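Here's the structure, in structure tokens; my notes come after.
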Amino acid sequence: LWVADRMRTSTGSSRDSPSRTEGTMTTTPTPAASSGSNLIERAKNLLLTPAAEWDRIAGETPNTGAIITGYIAPLAAIAAVCGAVGALLITGFFGFGAGVVGILIGILINVAVTVGVVFLIGILINALAPTFGSTPDQGRAFQLAAYYPTPAWVAGIAGLIPFLGGLVMLAGGLYSIYELYVGLPKLMKTPEDKRVPYVASIIVILLLIGAVIWWVVIGMIFRGAMMGALAVSSPK
């Protein structure tokens, strides 16, 4: 009888064990989605349901490499290709042309500059965070810098349409500013009353940096043209 009772107890424990294991397995959290996955779905969600998509982004672990190769570079390349085709439509109409190699080099430079600018914006967002009561986090700042320009990059497809495409791209740029406004509290924990001055500071600083770079480039081109003109006009 004692042996039979022990066997029944052992059998009951074995039957109960899987249920406890099964209960433990159901509480295992699912890993966060990769930041660079599903470009089309992410871009669509940021355009149509930005608040919900920023919440999803906030639940992901920042992955700089995946975001660059899986999101920034493809979108920047698409916008650059469309812009190049649109420019060819205009220059071709006026009798000018551009080599394929030159166009490809221009696209690659555009993508590289875009990635560099995203890094710069991420550093700027993180540096300004304490000033506006936000939580400094370089990984989150890079996520914000990488995803908020999505409307501008998508609108870059309209570069295929000469002249009218510029209006679409302007609208995309304005919507990108709104994306930044929505994303700040999700990723940088920005208080409600600090969002507007935070966004305004980022935009103003970026405009100033862009203006300085523009004038430097224009100055270099002007000096080069002047030196070339002098060299041609000087007696041999």
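Each chain in the structure tokens gets a letter, A, B and so on, in the order shown; residues start at 1 in every chain, and ligands are counted from 1 in the order they appear.
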
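For Ala43 in chain A, the list of residues within 10 Å, based on only C-alpha atoms and with local chain neighbours fewer than 6 positions off taken out, reads Thr49, Pro50, Glu53, Tyr71, Leu75, Tyr147, Tyr148, Thr150, Pro151, Trp153 and Val154 of chain A.
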
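Closest to Gly183 in chain A among A:Asn110, A:Ser201, A:Gln143, A:Thr69 is A:Gln143, based on only C-alpha atoms.
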
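If you look at CA of Ile57 in chain A and CA of Ala146 in chain A, they are 11.1 Å away from each other.
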
Inset, instruction - Using only C-alpha atoms, determine which residues lie at most 12 Å from Leu160 in chain A, disregarding the query and same-chain residues fewer than 4 positions distant; provide the list as JSON, numbers by chain. - result: {"A": [78, 79, 80, 81, 82, 83, 84, 85, 86, 87, 88, 89, 90, 154, 155, 156, 164, 165, 166, 168, 169]}

Okay, now the selection with all heavy atoms, as a compact mmCIF listing (two decimals), in the first residue's frame?
```
# COMPACT_ATOMS: atom_id res chain seq x y z
N ILE A 78 16.28 56.78 -52.58
CA ILE A 78 15.08 56.91 -53.41
C ILE A 78 14.80 58.37 -53.72
O ILE A 78 14.53 58.75 -54.87
CB ILE A 78 13.87 56.26 -52.71
CG1 ILE A 78 14.05 54.74 -52.65
CG2 ILE A 78 12.57 56.61 -53.43
CD1 ILE A 78 13.02 54.03 -51.78
N ALA A 79 14.87 59.22 -52.68
CA ALA A 79 14.63 60.65 -52.89
C ALA A 79 15.67 61.25 -53.82
O ALA A 79 15.35 62.07 -54.70
CB ALA A 79 14.65 61.38 -51.54
N ALA A 80 16.94 60.82 -53.68
CA ALA A 80 18.02 61.35 -54.53
C ALA A 80 17.83 60.92 -55.99
O ALA A 80 18.03 61.71 -56.91
CB ALA A 80 19.37 60.89 -54.01
N VAL A 81 17.44 59.66 -56.21
CA VAL A 81 17.22 59.17 -57.57
C VAL A 81 16.07 59.93 -58.23
O VAL A 81 16.18 60.37 -59.38
CB VAL A 81 16.92 57.65 -57.56
CG1 VAL A 81 16.42 57.19 -58.92
CG2 VAL A 81 18.17 56.88 -57.16
N CYS A 82 14.98 60.12 -57.49
CA CYS A 82 13.83 60.85 -58.05
C CYS A 82 14.20 62.29 -58.36
O CYS A 82 13.81 62.84 -59.40
CB CYS A 82 12.66 60.80 -57.08
SG CYS A 82 11.95 59.15 -56.87
N GLY A 83 14.99 62.90 -57.47
CA GLY A 83 15.43 64.27 -57.73
C GLY A 83 16.33 64.36 -58.95
O GLY A 83 16.23 65.30 -59.74
N ALA A 84 17.20 63.36 -59.12
CA ALA A 84 18.10 63.35 -60.27
C ALA A 84 17.31 63.17 -61.57
O ALA A 84 17.60 63.84 -62.57
CB ALA A 84 19.12 62.23 -60.12
N VAL A 85 16.31 62.29 -61.56
CA VAL A 85 15.50 62.09 -62.76
C VAL A 85 14.72 63.37 -63.09
O VAL A 85 14.64 63.78 -64.26
CB VAL A 85 14.53 60.91 -62.56
CG1 VAL A 85 13.55 60.81 -63.72
CG2 VAL A 85 15.31 59.61 -62.41
N GLY A 86 14.16 64.01 -62.07
CA GLY A 86 13.45 65.25 -62.30
C GLY A 86 14.34 66.34 -62.86
O GLY A 86 13.95 67.09 -63.76
N ALA A 87 15.59 66.40 -62.34
CA ALA A 87 16.54 67.40 -62.84
C ALA A 87 16.91 67.11 -64.30
O ALA A 87 17.08 68.03 -65.11
CB ALA A 87 17.79 67.40 -61.97
N LEU A 88 17.02 65.82 -64.64
CA LEU A 88 17.34 65.45 -66.02
C LEU A 88 16.22 65.84 -66.97
O LEU A 88 16.48 66.23 -68.12
CB LEU A 88 17.58 63.94 -66.12
CG LEU A 88 18.97 63.45 -65.67
CD1 LEU A 88 19.03 61.94 -65.76
CD2 LEU A 88 20.06 64.08 -66.51
N LEU A 89 14.99 65.74 -66.50
CA LEU A 89 13.86 66.15 -67.33
C LEU A 89 13.96 67.64 -67.68
O LEU A 89 13.65 68.06 -68.80
CB LEU A 89 12.54 65.86 -66.63
CG LEU A 89 12.19 64.38 -66.44
CD1 LEU A 89 10.91 64.23 -65.64
CD2 LEU A 89 12.07 63.68 -67.78
N ILE A 90 14.41 68.44 -66.69
CA ILE A 90 14.51 69.88 -66.92
C ILE A 90 15.73 70.20 -67.79
O ILE A 90 15.64 70.89 -68.80
CB ILE A 90 14.60 70.64 -65.59
CG1 ILE A 90 13.33 70.41 -64.77
CG2 ILE A 90 14.81 72.13 -65.82
CD1 ILE A 90 13.37 70.99 -63.39
N VAL A 154 9.95 60.84 -48.13
CA VAL A 154 8.90 60.27 -48.97
C VAL A 154 8.43 61.29 -49.99
O VAL A 154 8.20 60.98 -51.16
CB VAL A 154 7.72 59.79 -48.10
CG1 VAL A 154 6.55 59.35 -48.97
CG2 VAL A 154 8.16 58.63 -47.19
N ALA A 155 8.31 62.55 -49.56
CA ALA A 155 7.90 63.61 -50.48
C ALA A 155 8.94 63.83 -51.57
O ALA A 155 8.62 64.38 -52.63
CB ALA A 155 7.66 64.91 -49.72
N GLY A 156 10.19 63.41 -51.31
CA GLY A 156 11.23 63.55 -52.32
C GLY A 156 10.93 62.78 -53.59
O GLY A 156 11.48 63.08 -54.65
N LEU A 164 6.14 71.35 -59.76
CA LEU A 164 5.09 71.00 -58.81
C LEU A 164 5.63 70.13 -57.67
O LEU A 164 5.13 70.17 -56.55
CB LEU A 164 3.94 70.27 -59.50
CG LEU A 164 3.07 71.10 -60.44
CD1 LEU A 164 2.00 70.23 -61.09
CD2 LEU A 164 2.42 72.26 -59.69
N GLY A 165 6.66 69.34 -57.97
CA GLY A 165 7.26 68.50 -56.94
C GLY A 165 7.82 69.31 -55.79
O GLY A 165 7.85 68.84 -54.64
N GLY A 166 8.25 70.53 -56.07
CA GLY A 166 8.79 71.39 -55.01
C GLY A 166 7.76 71.70 -53.94
O GLY A 166 8.09 71.76 -52.75
N VAL A 168 5.22 69.77 -53.10
CA VAL A 168 5.02 68.54 -52.33
C VAL A 168 6.15 68.35 -51.33
O VAL A 168 5.93 67.98 -50.16
CB VAL A 168 4.91 67.32 -53.27
CG1 VAL A 168 4.77 66.02 -52.47
CG2 VAL A 168 3.75 67.48 -54.22
N MET A 169 7.38 68.62 -51.76
CA MET A 169 8.53 68.46 -50.86
C MET A 169 8.49 69.49 -49.73
O MET A 169 8.90 69.20 -48.60
CB MET A 169 9.82 68.57 -51.67
CG MET A 169 10.07 67.35 -52.55
SD MET A 169 11.68 67.34 -53.36
CE MET A 169 11.37 68.48 -54.71
```

Inset, instruction - Return as number ranges by chain the full set of residues in range 36-208 of chain A whose backbone-based DSSP assignment is alpha helix (DSSP H). - result: A: 39-48, 50-58, 64-67, 73-93, 100-128, 138-147, 150-155, 164-187, 195-208

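You will find CA of Phe142 in chain A at 14.4 Å from CA of Pro185 in chain A.
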
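Here the question is which of A:Ala77, A:Pro149, A:Phe163, A:Leu39 gets nearest to Val118 in chain A using only C-alpha atoms, and that residue is A:Pro149.
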
Legend entry - For range 194-200 of chain A: contacts at 8 Å, only C-alpha atoms, fewer than 5 positions along chain excluded, given as number ranges by chain: A: 128, 132-133, 177, 180-181, 184-185

Can you write just those residues out, N, CA, C and O atoms, as a compact mmCIF listing (two decimals), in the first residue's frame?
```txt
# COMPACT_ATOMS: atom_id res chain seq x y z
N LEU A 128 20.73 69.39 -26.45
CA LEU A 128 19.73 70.36 -26.00
C LEU A 128 18.75 69.77 -24.98
O LEU A 128 17.98 70.52 -24.38
N PHE A 132 15.74 71.69 -22.02
CA PHE A 132 14.28 71.66 -22.15
C PHE A 132 13.65 70.56 -21.30
O PHE A 132 12.62 69.99 -21.66
N GLY A 133 14.28 70.25 -20.18
CA GLY A 133 13.71 69.32 -19.22
C GLY A 133 13.54 67.91 -19.73
O GLY A 133 12.68 67.17 -19.25
N ILE A 177 8.55 68.48 -39.40
CA ILE A 177 8.65 69.26 -38.16
C ILE A 177 7.60 68.80 -37.16
O ILE A 177 7.86 68.69 -35.96
N LEU A 180 8.73 65.63 -35.52
CA LEU A 180 9.69 65.92 -34.45
C LEU A 180 8.94 66.34 -33.19
O LEU A 180 9.29 65.91 -32.08
N TYR A 181 7.92 67.15 -33.35
CA TYR A 181 7.10 67.61 -32.22
C TYR A 181 6.43 66.43 -31.51
O TYR A 181 6.37 66.37 -30.28
N LEU A 184 9.30 63.91 -29.72
CA LEU A 184 10.11 64.36 -28.59
C LEU A 184 9.66 63.80 -27.23
O LEU A 184 10.48 63.27 -26.49
N PRO A 185 8.38 63.90 -26.88
CA PRO A 185 7.98 63.35 -25.57
C PRO A 185 8.06 61.83 -25.51
O PRO A 185 8.22 61.26 -24.43
```

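Rounded to one decimal, CA of Arg42 in chain A and CA of Ala58 in chain A lie 13.1 Å from each other.
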
Inset, instruction - Find the residue from A:Gly173, A:Gly116, A:Gly139, A:Gly122 that sits nearest to Glu60 in chain A; use only C-alpha atoms when measuring. - result: A:Gly139
